[in-house]
Amino acid sequence: MHIQKLEVLVEVAKTGSFSTAGQNLHISQSGVSQDIKKIEEELGVKIFERSRSGVVQTNEGSIIIHKANEVLLKYGELIDEARKILDIHSGNLRVSTIPAFMTHLLKPLMEFKNLYANLTVEMSENITELTVEYIQQNKAEIGLICIYEDLLKNIENLHLEKILEGTMKVYVSSDSPFALKRTITPEEILQQEIVLYNGDYIKWFTHHFQNTFGKMNILFASNQTEELSRTVSSGMAITFAPDFAIKNNTYLLEGKIIEVDILNYEPINVSLGLIYTKNRKPTKIEKHFIKFLTSELQYYIN
């Protein structure tokens, strides 16, 4: 069980509310609910009961929560020891990321800052190509990008660590007939109104798709994921996204939009990766951040 799940458990117990716990931990209410459900399933114990005034602990739940508090206390002691061993007191770290993953990074960054309070982390949102340039020009130490075939030849001079493997999916309204089928063909895609995230990988994907099957009916492209999700949930259009990019999307978690597989189209695999320069040896803090971020993103996205 991941330590963050215990933090969610304890915060819900403290506040008596999924929504308040989510606000305090910067997690959606549905995300909190999912974490509690996973804990209860994993342990085989009902920890909370819902009531009109919020959530209350069961008798068994009170025992589990007491033990969770003890584990978190010991974890805090462990972190203090790790700080002493690593002897990392302060520093600066510049990270460039594709905008779609800024929300995924907030929680891991807060956790990392808790480890190193005097560390300054500068975050910048950039498209993948610009993130590559930032690393190559020493404007950032670490980059988070979507990896696709045409990009690989441009990053041969950089270290690349793949964090997640994913697949391109189509997302539709819960009222769409494709929501029942859970599949859609390229020919059916061409008959739909489409909205797109304005990112490098999506542009590459749509370019190859249209070269193969013909012109899409694209309403608009935007970097505003909320706007795209709202448009799709209303039934006005469909959209594309790598499955890991939208895993914790509130509209998806609440069933307002549905994930659909693309049939009969081959180049739909995509990876999420970290890049950093080969020109110098990473500092101790950079090495630790890379390992930490890899572990945390796999947890929050999976």
# chains A, B, ... in the order shown; residues from 1 in each chain; ligands from 1

$ residues_around --residues "Asp35 in chain A" --least-positions-apart "2" --cutoff "10 Å" --atoms "only C-alpha atoms" --output "PDB file with N, CA, C and O atoms, in the first residue's frame"
ATOM      1  N   GLN A   4       0.795   7.476   0.364  1.00  0.00           N
ATOM      2  CA  GLN A   4      -0.183   8.543   0.135  1.00  0.00           C
ATOM      3  C   GLN A   4      -1.617   8.087   0.418  1.00  0.00           C
ATOM      4  O   GLN A   4      -2.467   8.894   0.793  1.00  0.00           O
ATOM      5  N   LYS A   5      -1.869   6.797   0.224  1.00  0.00           N
ATOM      6  CA  LYS A   5      -3.212   6.296   0.538  1.00  0.00           C
ATOM      7  C   LYS A   5      -3.489   6.389   2.034  1.00  0.00           C
ATOM      8  O   LYS A   5      -4.608   6.683   2.454  1.00  0.00           O
ATOM      9  N   LEU A   6      -2.447   6.148   2.839  1.00  0.00           N
ATOM     10  CA  LEU A   6      -2.613   6.275   4.290  1.00  0.00           C
ATOM     11  C   LEU A   6      -2.866   7.732   4.676  1.00  0.00           C
ATOM     12  O   LEU A   6      -3.644   8.007   5.589  1.00  0.00           O
ATOM     13  N   VAL A   8      -4.401   9.922   2.843  1.00  0.00           N
ATOM     14  CA  VAL A   8      -5.797  10.178   2.485  1.00  0.00           C
ATOM     15  C   VAL A   8      -6.717   9.607   3.560  1.00  0.00           C
ATOM     16  O   VAL A   8      -7.662  10.265   4.012  1.00  0.00           O
ATOM     17  N   LEU A   9      -6.426   8.392   4.001  1.00  0.00           N
ATOM     18  CA  LEU A   9      -7.225   7.730   5.033  1.00  0.00           C
ATOM     19  C   LEU A   9      -7.284   8.556   6.312  1.00  0.00           C
ATOM     20  O   LEU A   9      -8.369   8.806   6.872  1.00  0.00           O
ATOM     21  N   GLN A  29     -12.531  14.939  -5.083  1.00  0.00           N
ATOM     22  CA  GLN A  29     -13.352  14.145  -4.167  1.00  0.00           C
ATOM     23  C   GLN A  29     -13.480  12.714  -4.669  1.00  0.00           C
ATOM     24  O   GLN A  29     -13.437  11.754  -3.878  1.00  0.00           O
ATOM     25  N   SER A  30     -13.635  12.551  -5.985  1.00  0.00           N
ATOM     26  CA  SER A  30     -13.737  11.201  -6.544  1.00  0.00           C
ATOM     27  C   SER A  30     -12.430  10.449  -6.378  1.00  0.00           C
ATOM     28  O   SER A  30     -12.434   9.222  -6.177  1.00  0.00           O
ATOM     29  N   GLY A  31     -11.291  11.162  -6.443  1.00  0.00           N
ATOM     30  CA  GLY A  31      -9.996  10.528  -6.212  1.00  0.00           C
ATOM     31  C   GLY A  31      -9.864  10.022  -4.788  1.00  0.00           C
ATOM     32  O   GLY A  31      -9.343   8.927  -4.542  1.00  0.00           O
ATOM     33  N   VAL A  32     -10.338  10.826  -3.827  1.00  0.00           N
ATOM     34  CA  VAL A  32     -10.327  10.413  -2.414  1.00  0.00           C
ATOM     35  C   VAL A  32     -11.206   9.185  -2.234  1.00  0.00           C
ATOM     36  O   VAL A  32     -10.815   8.204  -1.576  1.00  0.00           O
ATOM     37  N   SER A  33     -12.399   9.230  -2.819  1.00  0.00           N
ATOM     38  CA  SER A  33     -13.329   8.106  -2.699  1.00  0.00           C
ATOM     39  C   SER A  33     -12.726   6.829  -3.268  1.00  0.00           C
ATOM     40  O   SER A  33     -12.855   5.745  -2.675  1.00  0.00           O
ATOM     41  N   LYS A  37     -11.815   3.356  -1.218  1.00  0.00           N
ATOM     42  CA  LYS A  37     -12.373   2.098  -1.697  1.00  0.00           C
ATOM     43  C   LYS A  37     -11.269   1.063  -1.903  1.00  0.00           C
ATOM     44  O   LYS A  37     -11.409  -0.109  -1.537  1.00  0.00           O
ATOM     45  N   LYS A  38     -10.121   1.504  -2.487  1.00  0.00           N
ATOM     46  CA  LYS A  38      -9.001   0.594  -2.726  1.00  0.00           C
ATOM     47  C   LYS A  38      -8.420   0.071  -1.410  1.00  0.00           C
ATOM     48  O   LYS A  38      -8.070  -1.098  -1.296  1.00  0.00           O
ATOM     49  N   ILE A  39      -8.317   0.966  -0.427  1.00  0.00           N
ATOM     50  CA  ILE A  39      -7.794   0.557   0.886  1.00  0.00           C
ATOM     51  C   ILE A  39      -8.712  -0.484   1.517  1.00  0.00           C
ATOM     52  O   ILE A  39      -8.257  -1.517   2.028  1.00  0.00           O
ATOM     53  N   GLU A  40     -10.025  -0.199   1.496  1.00  0.00           N
ATOM     54  CA  GLU A  40     -10.983  -1.129   2.106  1.00  0.00           C
ATOM     55  C   GLU A  40     -10.969  -2.484   1.392  1.00  0.00           C
ATOM     56  O   GLU A  40     -11.055  -3.535   2.032  1.00  0.00           O
ATOM     57  N   GLU A  41     -10.829  -2.460   0.062  1.00  0.00           N
ATOM     58  CA  GLU A  41     -10.775  -3.714  -0.695  1.00  0.00           C
ATOM     59  C   GLU A  41      -9.488  -4.470  -0.401  1.00  0.00           C
ATOM     60  O   GLU A  41      -9.488  -5.696  -0.263  1.00  0.00           O
TER      61      GLU A  41
END

$ select_by_dssp --residues "range 106-279 of chain A" --states "alpha helix (DSSP H)" --output "PyMOL selection string"
chain A and resi 106-115+128-136+149-152+177-181+186-189+200-213+225-233+250-253

$ residues_around --residues "Phe112 in chain A" --least-positions-apart "2" --cutoff "12 Å" --atoms "only C-alpha atoms" --output "PyMOL selection string"
chain A and resi 79+83+93+105-110+114-121+285-286+288-293+295-296

$ write_last_selection --atoms "N, CA, C and O atoms" --output "mmCIF file, in the first residue's frame"
data_model
loop_
_atom_site.group_PDB
_atom_site.id
_atom_site.type_symbol
_atom_site.label_atom_id
_atom_site.label_comp_id
_atom_site.auth_asym_id
_atom_site.auth_seq_id
_atom_site.Cartn_x
_atom_site.Cartn_y
_atom_site.Cartn_z
ATOM 1 N N ILE A 79 11.955 9.701 6.915
ATOM 2 C CA ILE A 79 12.316 10.802 6.027
ATOM 3 C C ILE A 79 13.390 11.674 6.657
ATOM 4 O O ILE A 79 14.349 12.099 5.995
ATOM 5 N N ARG A 83 17.102 12.446 5.048
ATOM 6 C CA ARG A 83 17.649 13.788 4.825
ATOM 7 C C ARG A 83 19.067 13.883 5.372
ATOM 8 O O ARG A 83 19.966 14.455 4.746
ATOM 9 N N LEU A 93 16.023 23.566 -8.761
ATOM 10 C CA LEU A 93 15.719 22.545 -9.753
ATOM 11 C C LEU A 93 14.705 23.109 -10.733
ATOM 12 O O LEU A 93 13.650 23.594 -10.333
ATOM 13 N N LEU A 105 1.578 16.679 -11.626
ATOM 14 C CA LEU A 105 2.839 16.963 -10.944
ATOM 15 C C LEU A 105 2.658 17.675 -9.609
ATOM 16 O O LEU A 105 3.563 17.665 -8.779
ATOM 17 N N LEU A 106 1.512 18.299 -9.401
ATOM 18 C CA LEU A 106 1.330 19.113 -8.205
ATOM 19 C C LEU A 106 1.519 18.314 -6.924
ATOM 20 O O LEU A 106 2.242 18.731 -6.010
ATOM 21 N N LYS A 107 0.864 17.165 -6.845
ATOM 22 C CA LYS A 107 0.963 16.359 -5.630
ATOM 23 C C LYS A 107 2.380 15.822 -5.409
ATOM 24 O O LYS A 107 2.941 15.955 -4.309
ATOM 25 N N PRO A 108 3.032 15.215 -6.426
ATOM 26 C CA PRO A 108 4.426 14.775 -6.235
ATOM 27 C C PRO A 108 5.372 15.911 -5.850
ATOM 28 O O PRO A 108 6.263 15.725 -5.013
ATOM 29 N N LEU A 109 5.176 17.089 -6.423
ATOM 30 C CA LEU A 109 6.041 18.222 -6.086
ATOM 31 C C LEU A 109 5.859 18.647 -4.635
ATOM 32 O O LEU A 109 6.827 18.979 -3.943
ATOM 33 N N MET A 110 4.612 18.634 -4.161
ATOM 34 C CA MET A 110 4.363 18.977 -2.759
ATOM 35 C C MET A 110 5.029 17.964 -1.835
ATOM 36 O O MET A 110 5.610 18.328 -0.808
ATOM 37 N N ASN A 114 8.136 18.640 0.798
ATOM 38 C CA ASN A 114 8.071 18.263 2.207
ATOM 39 C C ASN A 114 9.368 17.606 2.652
ATOM 40 O O ASN A 114 9.766 17.710 3.821
ATOM 41 N N LEU A 115 10.019 16.914 1.710
ATOM 42 C CA LEU A 115 11.305 16.284 2.021
ATOM 43 C C LEU A 115 12.407 17.328 2.143
ATOM 44 O O LEU A 115 13.272 17.232 3.012
ATOM 45 N N TYR A 116 12.373 18.322 1.250
ATOM 46 C CA TYR A 116 13.444 19.318 1.193
ATOM 47 C C TYR A 116 12.823 20.719 1.167
ATOM 48 O O TYR A 116 12.595 21.294 0.099
ATOM 49 N N ALA A 117 12.552 21.238 2.340
ATOM 50 C CA ALA A 117 11.825 22.501 2.469
ATOM 51 C C ALA A 117 12.578 23.668 1.843
ATOM 52 O O ALA A 117 11.972 24.646 1.401
ATOM 53 N N ASN A 118 13.920 23.599 1.812
ATOM 54 C CA ASN A 118 14.714 24.713 1.292
ATOM 55 C C ASN A 118 15.017 24.590 -0.203
ATOM 56 O O ASN A 118 15.741 25.405 -0.758
ATOM 57 N N LEU A 119 14.462 23.567 -0.836
ATOM 58 C CA LEU A 119 14.664 23.380 -2.269
ATOM 59 C C LEU A 119 13.714 24.291 -3.051
ATOM 60 O O LEU A 119 12.530 24.383 -2.741
ATOM 61 N N THR A 120 14.237 24.965 -4.065
ATOM 62 C CA THR A 120 13.420 25.782 -4.959
ATOM 63 C C THR A 120 13.205 25.025 -6.260
ATOM 64 O O THR A 120 14.169 24.648 -6.933
ATOM 65 N N VAL A 121 11.941 24.768 -6.596
ATOM 66 C CA VAL A 121 11.609 24.080 -7.843
ATOM 67 C C VAL A 121 10.891 25.060 -8.761
ATOM 68 O O VAL A 121 9.853 25.614 -8.401
ATOM 69 N N ILE A 285 20.545 15.783 -5.959
ATOM 70 C CA ILE A 285 19.136 16.143 -5.835
ATOM 71 C C ILE A 285 18.366 15.794 -7.112
ATOM 72 O O ILE A 285 17.210 15.373 -7.073
ATOM 73 N N GLU A 286 19.011 15.953 -8.279
ATOM 74 C CA GLU A 286 18.362 15.616 -9.545
ATOM 75 C C GLU A 286 18.110 14.117 -9.652
ATOM 76 O O GLU A 286 17.037 13.678 -10.079
ATOM 77 N N HIS A 288 17.735 12.028 -7.194
ATOM 78 C CA HIS A 288 16.668 11.672 -6.259
ATOM 79 C C HIS A 288 15.315 12.116 -6.797
ATOM 80 O O HIS A 288 14.312 11.392 -6.677
ATOM 81 N N PHE A 289 15.252 13.289 -7.393
ATOM 82 C CA PHE A 289 13.995 13.800 -7.932
ATOM 83 C C PHE A 289 13.494 12.905 -9.066
ATOM 84 O O PHE A 289 12.292 12.623 -9.160
ATOM 85 N N ILE A 290 14.396 12.459 -9.937
ATOM 86 C CA ILE A 290 14.006 11.594 -11.053
ATOM 87 C C ILE A 290 13.403 10.298 -10.543
ATOM 88 O O ILE A 290 12.342 9.851 -11.001
ATOM 89 N N LYS A 291 14.052 9.670 -9.567
ATOM 90 C CA LYS A 291 13.529 8.426 -8.984
ATOM 91 C C LYS A 291 12.199 8.674 -8.277
ATOM 92 O O LYS A 291 11.248 7.891 -8.395
ATOM 93 N N PHE A 292 12.138 9.763 -7.531
ATOM 94 C CA PHE A 292 10.929 10.102 -6.782
ATOM 95 C C PHE A 292 9.767 10.364 -7.734
ATOM 96 O O PHE A 292 8.668 9.833 -7.545
ATOM 97 N N LEU A 293 10.024 11.180 -8.770
ATOM 98 C CA LEU A 293 8.965 11.553 -9.702
ATOM 99 C C LEU A 293 8.468 10.338 -10.476
ATOM 100 O O LEU A 293 7.265 10.183 -10.700
ATOM 101 N N SER A 295 8.406 7.204 -9.472
ATOM 102 C CA SER A 295 7.581 6.405 -8.566
ATOM 103 C C SER A 295 6.231 7.064 -8.312
ATOM 104 O O SER A 295 5.179 6.411 -8.360
ATOM 105 N N GLU A 296 6.242 8.371 -8.055
ATOM 106 C CA GLU A 296 5.012 9.070 -7.706
ATOM 107 C C GLU A 296 4.037 9.146 -8.881
ATOM 108 O O GLU A 296 2.832 8.950 -8.707
#

$ closest_residue --among "A:Thr225, A:Ser233, A:Asn248, A:Thr131" --to "Asp175 in chain A" --atoms "only C-alpha atoms"
A:Ser233

$ atom_distance --atom1 "CA of Met123 in chain A" --atom2 "CA of Asn92 in chain A"
11.0 Å

$ closest_residue --among "A:Glu125, A:Glu156, A:Glu254, A:Glu7" --to "Leu144 in chain A" --atoms "only C-alpha atoms"
A:Glu125

$ closest_residue --among "A:Ile268, A:Ile189, A:Ile275, A:Ala237" --to "Glu149 in chain A" --atoms "only C-alpha atoms"
A:Ile268

$ closest_residue --among "A:His207, A:His2, A:Lys247, A:Lys162" --to "Phe101 in chain A" --atoms "only C-alpha atoms"
A:Lys247

$ closest_residue --among "A:Gly166, A:Pro282, A:Pro177, A:Gly273" --to "Ile246 in chain A" --atoms "only C-alpha atoms"
A:Gly166

$ residues_around --residues "Gln192 in chain A" --least-positions-apart "4" --cutoff "9 Å" --atoms "only C-alpha atoms" --output "list of chain:residue names"
A:Glu188, A:Met216, A:Asn217, A:Ile218, A:Ala237, A:Ile238

$ select_by_dssp --residues "range 19-259 of chain A" --states "strand (DSSP E or B)" --output "compact mmCIF listing (two decimals) with C-alpha atoms, in the first residue's frame"
# COMPACT_ATOMS: atom_id res chain seq x y z
CA PHE A 48 -16.02 4.36 6.94
CA GLU A 49 -19.80 4.59 6.81
CA ARG A 50 -21.54 7.47 5.08
CA SER A 51 -24.00 9.58 7.08
CA GLY A 54 -20.38 13.19 6.43
CA VAL A 55 -18.46 9.96 7.00
CA VAL A 56 -17.97 8.19 10.31
CA GLN A 57 -15.47 5.54 11.32
CA SER A 90 18.90 23.34 -0.36
CA GLY A 91 19.21 23.88 -4.08
CA ASN A 92 17.42 24.85 -7.28
CA LEU A 93 15.72 22.54 -9.75
CA ARG A 94 14.15 23.59 -13.06
CA VAL A 95 11.53 21.32 -14.58
CA SER A 96 9.81 21.74 -17.95
CA THR A 97 6.63 19.76 -18.62
CA ASN A 118 14.71 24.71 1.29
CA LEU A 119 14.66 23.38 -2.27
CA THR A 120 13.42 25.78 -4.96
CA VAL A 121 11.61 24.08 -7.84
CA GLU A 122 10.86 26.18 -10.94
CA MET A 123 8.11 24.70 -13.12
CA SER A 124 7.46 25.77 -16.71
CA GLU A 125 4.74 24.53 -19.06
CA ILE A 142 14.55 17.77 -16.19
CA GLY A 143 11.81 17.52 -18.80
CA LEU A 144 8.57 15.56 -18.86
CA ILE A 145 7.37 14.74 -22.38
CA CYS A 146 5.19 12.47 -24.51
CA ILE A 147 7.42 10.24 -26.63
CA LEU A 158 19.65 13.34 -24.16
CA HIS A 159 19.07 10.68 -21.54
CA LEU A 160 15.55 9.26 -21.82
CA GLU A 161 13.73 7.32 -19.12
CA LYS A 162 10.29 5.97 -19.98
CA ILE A 163 7.89 6.22 -17.04
CA LEU A 164 4.66 4.89 -18.51
CA GLU A 165 3.50 3.09 -21.63
CA GLY A 166 0.09 4.04 -22.89
CA THR A 167 -2.34 3.88 -25.79
CA MET A 168 -4.21 6.55 -27.70
CA LYS A 169 -7.93 6.41 -26.95
CA VAL A 170 -11.05 8.23 -28.10
CA TYR A 171 -13.23 9.91 -25.44
CA VAL A 172 -16.96 10.38 -25.98
CA SER A 173 -20.02 11.53 -24.05
CA THR A 183 -15.05 0.86 -29.80
CA ILE A 184 -14.90 3.19 -32.78
CA GLU A 193 -17.11 16.56 -34.68
CA ILE A 194 -13.70 16.58 -33.01
CA VAL A 195 -11.94 18.79 -30.44
CA LEU A 196 -8.23 18.38 -29.82
CA TYR A 197 -5.69 19.10 -27.14
CA ASN A 217 -13.96 17.56 -38.89
CA ILE A 218 -12.03 19.50 -36.22
CA LEU A 219 -14.06 22.12 -34.34
CA PHE A 220 -11.14 23.59 -32.39
CA ALA A 221 -7.90 22.83 -30.56
CA SER A 222 -7.16 24.10 -27.05
CA ILE A 238 -15.25 13.57 -29.35
CA THR A 239 -11.54 13.88 -28.54
CA PHE A 240 -8.29 11.91 -28.51
CA ALA A 241 -5.82 11.47 -25.65
CA PRO A 242 -3.26 8.97 -24.34
CA ILE A 257 -17.12 10.90 -20.57
CA ILE A 258 -16.22 7.34 -21.62
CA GLU A 259 -12.97 5.84 -22.90

$ closest_residue --among "A:Leu274, A:Lys153, A:Gly16, A:Glu141" --to "Arg52 in chain A" --atoms "only C-alpha atoms"
A:Gly16

$ residues_around --residues "Thr185 in chain A" --least-positions-apart "2" --cutoff "10 Å" --atoms "only C-alpha atoms" --output "JSON, numbers by chain"
{"A": [178, 183, 187, 188, 189, 190, 261, 262, 263, 264, 265]}

$ atom_distance --atom1 "CA of Gly255 in chain A" --atom2 "CA of Ala179 in chain A"
10.2 Å

$ decode --residues "range 145-161 of chain A" --atoms "N, CA and C atoms" --output "PDB file, in the first residue's frame"
ATOM      1  N   ILE A 145       7.896  14.633 -21.018  1.00  0.00           N
ATOM      2  CA  ILE A 145       7.371  14.739 -22.378  1.00  0.00           C
ATOM      3  C   ILE A 145       6.601  13.486 -22.777  1.00  0.00           C
ATOM      4  N   CYS A 146       5.766  13.617 -23.822  1.00  0.00           N
ATOM      5  CA  CYS A 146       5.194  12.472 -24.509  1.00  0.00           C
ATOM      6  C   CYS A 146       6.185  12.048 -25.594  1.00  0.00           C
ATOM      7  N   ILE A 147       6.423  10.753 -25.682  1.00  0.00           N
ATOM      8  CA  ILE A 147       7.418  10.242 -26.625  1.00  0.00           C
ATOM      9  C   ILE A 147       6.702   9.567 -27.788  1.00  0.00           C
ATOM     10  N   TYR A 148       7.099   9.932 -29.001  1.00  0.00           N
ATOM     11  CA  TYR A 148       6.542   9.310 -30.193  1.00  0.00           C
ATOM     12  C   TYR A 148       7.644   9.203 -31.239  1.00  0.00           C
ATOM     13  N   GLU A 149       7.384   8.437 -32.273  1.00  0.00           N
ATOM     14  CA  GLU A 149       8.415   8.026 -33.235  1.00  0.00           C
ATOM     15  C   GLU A 149       9.213   9.191 -33.813  1.00  0.00           C
ATOM     16  N   ASP A 150       8.544  10.224 -34.300  1.00  0.00           N
ATOM     17  CA  ASP A 150       9.240  11.324 -34.965  1.00  0.00           C
ATOM     18  C   ASP A 150      10.118  12.123 -34.023  1.00  0.00           C
ATOM     19  N   LEU A 151       9.851  12.025 -32.719  1.00  0.00           N
ATOM     20  CA  LEU A 151      10.613  12.809 -31.741  1.00  0.00           C
ATOM     21  C   LEU A 151      11.968  12.170 -31.413  1.00  0.00           C
ATOM     22  N   LEU A 152      12.059  10.845 -31.488  1.00  0.00           N
ATOM     23  CA  LEU A 152      13.222  10.120 -30.983  1.00  0.00           C
ATOM     24  C   LEU A 152      14.529  10.581 -31.617  1.00  0.00           C
ATOM     25  N   LYS A 153      14.504  10.912 -32.913  1.00  0.00           N
ATOM     26  CA  LYS A 153      15.744  11.332 -33.577  1.00  0.00           C
ATOM     27  C   LYS A 153      16.227  12.686 -33.089  1.00  0.00           C
ATOM     28  N   ASN A 154      15.355  13.470 -32.455  1.00  0.00           N
ATOM     29  CA  ASN A 154      15.735  14.804 -31.966  1.00  0.00           C
ATOM     30  C   ASN A 154      16.256  14.791 -30.535  1.00  0.00           C
ATOM     31  N   ILE A 155      16.195  13.637 -29.877  1.00  0.00           N
ATOM     32  CA  ILE A 155      16.634  13.573 -28.479  1.00  0.00           C
ATOM     33  C   ILE A 155      17.737  12.542 -28.277  1.00  0.00           C
ATOM     34  N   GLU A 156      18.489  12.251 -29.357  1.00  0.00           N
ATOM     35  CA  GLU A 156      19.565  11.270 -29.261  1.00  0.00           C
ATOM     36  C   GLU A 156      20.680  11.735 -28.319  1.00  0.00           C
ATOM     37  N   ASN A 157      20.803  13.050 -28.147  1.00  0.00           N
ATOM     38  CA  ASN A 157      21.849  13.590 -27.270  1.00  0.00           C
ATOM     39  C   ASN A 157      21.390  13.760 -25.829  1.00  0.00           C
ATOM     40  N   LEU A 158      20.191  13.224 -25.514  1.00  0.00           N
ATOM     41  CA  LEU A 158      19.648  13.342 -24.158  1.00  0.00           C
ATOM     42  C   LEU A 158      19.418  11.958 -23.560  1.00  0.00           C
ATOM     43  N   HIS A 159      19.495  11.890 -22.227  1.00  0.00           N
ATOM     44  CA  HIS A 159      19.068  10.682 -21.539  1.00  0.00           C
ATOM     45  C   HIS A 159      17.545  10.633 -21.569  1.00  0.00           C
ATOM     46  N   LEU A 160      16.996   9.452 -21.794  1.00  0.00           N
ATOM     47  CA  LEU A 160      15.546   9.263 -21.821  1.00  0.00           C
ATOM     48  C   LEU A 160      15.174   8.103 -20.909  1.00  0.00           C
ATOM     49  N   GLU A 161      14.249   8.366 -19.983  1.00  0.00           N
ATOM     50  CA  GLU A 161      13.725   7.318 -19.117  1.00  0.00           C
ATOM     51  C   GLU A 161      12.212   7.250 -19.292  1.00  0.00           C
TER      52      GLU A 161
END
